[in-house]
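*Asks:* Okay, handing you the structure first.
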Amino acid sequence: MALSEEDNSTKTFTDSDLAIWQSFMDSFREKIGTRQFQTFGSFMELAEIANQTVIIEVPRDITRSWLIEKHGDSLDSCFKENFPEQYNYKIKVNTKAQTKQFEEVKEPSASVKNNTQSVKKVFPFAKKRELNPAYTFENFMVGTSNNFAYSAARAVAEKPAQSYNPLFIYGDVGLGKTHLLQAIGHRVSDLWPQASIRYVSAEKFTNQIIQAIQEGKRKDFKYRYRNTDLLLVDDIQFFAQTKQSQQEFFHTFNELYENGKAIAFCSDRPPHEIPSITERLRNRFEMGFIVDVQPPDYETRMAILQKKAIQAGITLSDDILKTIAENITDNVRALEGSLNQLTIMSSFSNEEITPRTIKARLANFMQTDRRLKTEVISLDRVQKTVAEHFNISISDLKSKRRTKAIAYPRQIAMYLSRELTDCSFADIGEAFGGRDHSTVIHGTNKIDAQLAEEDIKTRTHIERIKSLI
């Protein structure tokens, strides 16, 4: 699908353009994995949209070659899922982007360190904000599944560093965590225009600290993040991939916190479930307020679709909105993406929009949901998901080891095997290393008892693993 000819177009993008682009980038990252994405995919930038062609810019020839040769199929499928059917894309190299990413700055004098406006004049990094203009509190649809997180985010925005500092928001992909995080930034910017705000993903933070060390510009890097009034960090779980970035972030966090600055995080899991992070960093994540975001209920999904349709200026019947809301249930981003598709379809086609045509047009969005509703869950799948969740191996679950680090996940796996599959206690015991059925009964009863006693830790593990399965 990638093109080779040059196109002339404007670089002015609508909120809808930016939302679709963000959805495309999120889909691509999920498709190829975070490590591959942060190595090559994260450098992609939306440059132009014109004549049904999307121009994507990358800084180097090797990046372009790698994306096309190694991930061309993934790019194609993610592009088709998010952009209109008649659109194409082209990846081009921006030679100007091959220069330095870090600017030379002078250290602020003691007389201006506490003056935000003066710091901005000396500290150019604070001038650039990477916030999606569509991600505001006004555009966030509040429901029973996210009301608590929304209220906490607003409190942080209106009283930075006073309410819930740091704020830690977690939940599955596509539920609005990034929206809330960036909405805090927008609100703080509106209330205090001179405030220095920095939004960054954990993977980008990691890439930047590595580059700063390689180029001998670690001092500049520290100025970039420690001279800020509000730090917003997305996908915090990816700090688990490198100790170097964890160490730098630990010191950055301490300096900001001790100086009364506001900090907020997003993650796909609560702090105690993030593997391979240092205990001192985990403690920093847990020292503030932790709140989760759940999948939206039917009423919230309908409200989201109705609001987005009004904003897009299109009229859709309740039957059409109901069809979308009933088929896309667990991902707000997919819900909004489906409406973007319909908006563009209504602009470029005279085809009547009906519940039947919707299912054909939005097959990519509905495919995953249908598969999850009809797919039979196997014991292997339960074991694999539990093992990955607890960062152990499947062989550990089947082994004779009885240490708490293995026995507890094994009991949870047995409990979920009994709940989510049609297997008997004997079948489950056989799958877990040839154990007797009485052992399985004992393990499932133990988890049942913990849930009955409102054991928060166990309930969180169970809900998280079930959502992954």
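If you're wondering about the labels, chains in the structure tokens are A, B, ... by order shown, residues count from 1 in each chain, ligands from 1 in order shown.
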With only C-alpha atoms as the counted atoms, please give the residues lying no more than 7 Å from stretch 26-35 of chain A, apart from itself and same-chain residues fewer than 4 positions off, as a list in words.
*Replies:*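 The neighbour list is Gln22, Thr39, Ser74, Leu75 and Cys78 of chain A.
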*Asks:* Which is closest to A:Ile274 among A:Glu419, A:Glu158, A:Asp235, A:Glu48, if we use only C-alpha atoms?
*Replies:* A:Asp235
*Asks:* Using only C-alpha atoms, find each residue in stretch 196-273 of chain A having at least one atom no more than 10 Å away from stretch 136-157 of chain A; report its shortest atom-to-atom pair and that distance in Å (one decimal), rows by chain then rising number, as CSV.
*Replies:*
```
residue,atom,partner,partner_atom,distance
A:Leu230,CA,A:Ala157,CA,9.4
A:Ala262,CA,A:Val156,CA,7.8
A:Ile263,CA,A:Val156,CA,8.9
A:Ala264,CA,A:Val156,CA,8.4
```
*Asks:* Would you mind exporting the chosen residues as an mmCIF file, in the first residue's frame, restricted to N, CA and C atoms?
*Replies:*
```cif
data_model
loop_
_atom_site.group_PDB
_atom_site.id
_atom_site.type_symbol
_atom_site.label_atom_id
_atom_site.label_comp_id
_atom_site.auth_asym_id
_atom_site.auth_seq_id
_atom_site.Cartn_x
_atom_site.Cartn_y
_atom_site.Cartn_z
ATOM 1 N N LEU A 230 4.713 20.303 35.741
ATOM 2 C CA LEU A 230 3.816 19.152 35.654
ATOM 3 C C LEU A 230 4.437 18.115 34.736
ATOM 4 N N ALA A 262 3.841 18.699 40.279
ATOM 5 C CA ALA A 262 2.785 17.694 40.092
ATOM 6 C C ALA A 262 3.238 16.594 39.149
ATOM 7 N N ILE A 263 2.854 15.339 39.452
ATOM 8 C CA ILE A 263 3.263 14.184 38.654
ATOM 9 C C ILE A 263 2.060 13.260 38.486
ATOM 10 N N ALA A 264 1.871 12.736 37.273
ATOM 11 C CA ALA A 264 0.789 11.783 37.017
ATOM 12 C C ALA A 264 1.281 10.711 36.055
#
```
*Asks:* Of the candidates A:Ala161, A:Ala452, A:Val332, A:Ala431, which one gets nearest to A:Leu256 if we count only C-alpha atoms?
*Replies:*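 Between A:Ala161, A:Ala452, A:Val332, A:Ala431, the residue approaching A:Leu256 most closely is A:Ala161.
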*Asks:* Separation of atom CA of A:Phe390 and atom CA of A:Val173, in Å?
*Replies:*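 Taking atom CA of A:Phe390 as the start and atom CA of A:Val173 as the end point, the length is 19.1 Å.
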*Asks:* Looking only at the backbone, which of the residues in stretch 178-303 of chain A does DSSP tag as helix (DSSP H, G or I), as a VMD selection string?
*Replies:* chain A and resid 178 to 191 202 to 214 218 to 226 236 to 241 243 to 258 271 to 273 279 to 286 298 to 303
*Asks:* What's the separation between atom CA of A:Pro133 and atom CA of A:Phe37, in Å to one decimal place?
*Replies:* 23.7 Å
*Asks:* So which one's closest to A:Thr14, A:Asp61, A:Ala413, A:Asn132, A:Leu175? Using only C-alpha atoms, please.
*Replies:*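 Comparing A:Asp61, A:Ala413, A:Asn132, A:Leu175 against A:Thr14, the winner is A:Asn132.
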*Asks:* If you measure from atom CA of A:His461 to atom CA of A:Asp380, what distance in Å do you get, rounded to one decimal?
*Replies:*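 Atom-to-atom, atom CA of A:His461 and atom CA of A:Asp380 are spaced 18.3 Å apart.
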*Asks:* Please give the complete set of residues from stretch 252-352 of chain A that DSSP, run on the backbone, assigns to strand (DSSP E), formatted as a PDB file with N, CA and C atoms, in the first residue's frame.
*Replies:*
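The result, written out as out.pdb:
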```pdb
ATOM      1  N   ALA A 262       3.841  18.699  40.279  1.00  0.00           N
ATOM      2  CA  ALA A 262       2.785  17.694  40.092  1.00  0.00           C
ATOM      3  C   ALA A 262       3.238  16.594  39.149  1.00  0.00           C
ATOM      4  N   ILE A 263       2.854  15.339  39.452  1.00  0.00           N
ATOM      5  CA  ILE A 263       3.263  14.184  38.654  1.00  0.00           C
ATOM      6  C   ILE A 263       2.060  13.260  38.486  1.00  0.00           C
ATOM      7  N   ALA A 264       1.871  12.736  37.273  1.00  0.00           N
ATOM      8  CA  ALA A 264       0.789  11.783  37.017  1.00  0.00           C
ATOM      9  C   ALA A 264       1.281  10.711  36.055  1.00  0.00           C
ATOM     10  N   PHE A 265       0.822   9.472  36.256  1.00  0.00           N
ATOM     11  CA  PHE A 265       1.250   8.337  35.450  1.00  0.00           C
ATOM     12  C   PHE A 265       0.052   7.600  34.860  1.00  0.00           C
ATOM     13  N   CYS A 266       0.313   6.852  33.793  1.00  0.00           N
ATOM     14  CA  CYS A 266      -0.645   5.887  33.246  1.00  0.00           C
ATOM     15  C   CYS A 266       0.067   4.560  33.026  1.00  0.00           C
ATOM     16  N   SER A 267      -0.672   3.475  33.206  1.00  0.00           N
ATOM     17  CA  SER A 267      -0.096   2.147  33.018  1.00  0.00           C
ATOM     18  C   SER A 267      -1.208   1.169  32.658  1.00  0.00           C
ATOM     19  N   PHE A 289      -2.011   8.382  44.784  1.00  0.00           N
ATOM     20  CA  PHE A 289      -3.368   7.845  44.657  1.00  0.00           C
ATOM     21  C   PHE A 289      -3.426   6.960  43.420  1.00  0.00           C
ATOM     22  N   ILE A 290      -3.942   5.730  43.576  1.00  0.00           N
ATOM     23  CA  ILE A 290      -4.029   4.764  42.476  1.00  0.00           C
ATOM     24  C   ILE A 290      -5.494   4.536  42.135  1.00  0.00           C
ATOM     25  N   VAL A 291      -5.839   4.671  40.855  1.00  0.00           N
ATOM     26  CA  VAL A 291      -7.225   4.498  40.428  1.00  0.00           C
ATOM     27  C   VAL A 291      -7.260   3.780  39.083  1.00  0.00           C
ATOM     28  N   ASP A 292      -8.254   2.932  38.870  1.00  0.00           N
ATOM     29  CA  ASP A 292      -8.333   2.172  37.631  1.00  0.00           C
ATOM     30  C   ASP A 292      -9.467   2.668  36.741  1.00  0.00           C
ATOM     31  N   VAL A 293      -9.384   2.320  35.441  1.00  0.00           N
ATOM     32  CA  VAL A 293     -10.417   2.620  34.458  1.00  0.00           C
ATOM     33  C   VAL A 293     -10.933   1.298  33.909  1.00  0.00           C
TER      34      VAL A 293
END
```
*Asks:* Could you name the residues that touch A:Ser65 at 12 Å or less, counting only C-alpha atoms, but leaving out those on the same chain fewer than 4 positions away, as a tab-separated table (two decimals) with C-alpha atoms, in the first residue's frame?
*Replies:*
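Result file is part.tsv:
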```tsv
chain	number	residue	atom	x	y	z
A	2	ALA	CA	2.99	2.33	0.42
A	40	PHE	CA	11.76	2.28	14.68
A	41	GLY	CA	8.03	2.98	14.83
A	58	VAL	CA	10.95	9.25	9.41
A	59	PRO	CA	14.41	10.67	10.17
A	60	ARG	CA	16.61	8.06	8.47
A	61	ASP	CA	16.75	5.81	5.40
A	69	GLU	CA	10.78	-4.63	4.75
A	70	LYS	CA	10.17	-5.99	8.24
A	71	HIS	CA	6.79	-4.55	9.19
A	72	GLY	CA	5.12	-3.72	5.87
A	91	ILE	CA	6.88	6.84	4.02
A	92	LYS	CA	9.49	9.47	3.20
A	93	VAL	CA	12.75	10.48	4.84
```
*Asks:* Choose the residue, out of A:Arg64, A:Lys322, A:Arg198, A:Lys398, that has the smallest atom-to-atom separation from A:Gly185; count only C-alpha atoms.
*Replies:*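 So, comparing all the options, the nearest one is A:Arg198.
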*Asks:* Which is closer to A:Leu131 than all the others in A:His179, A:Lys159, A:His272, A:Lys222, using only C-alpha atoms?
*Replies:* A:His179
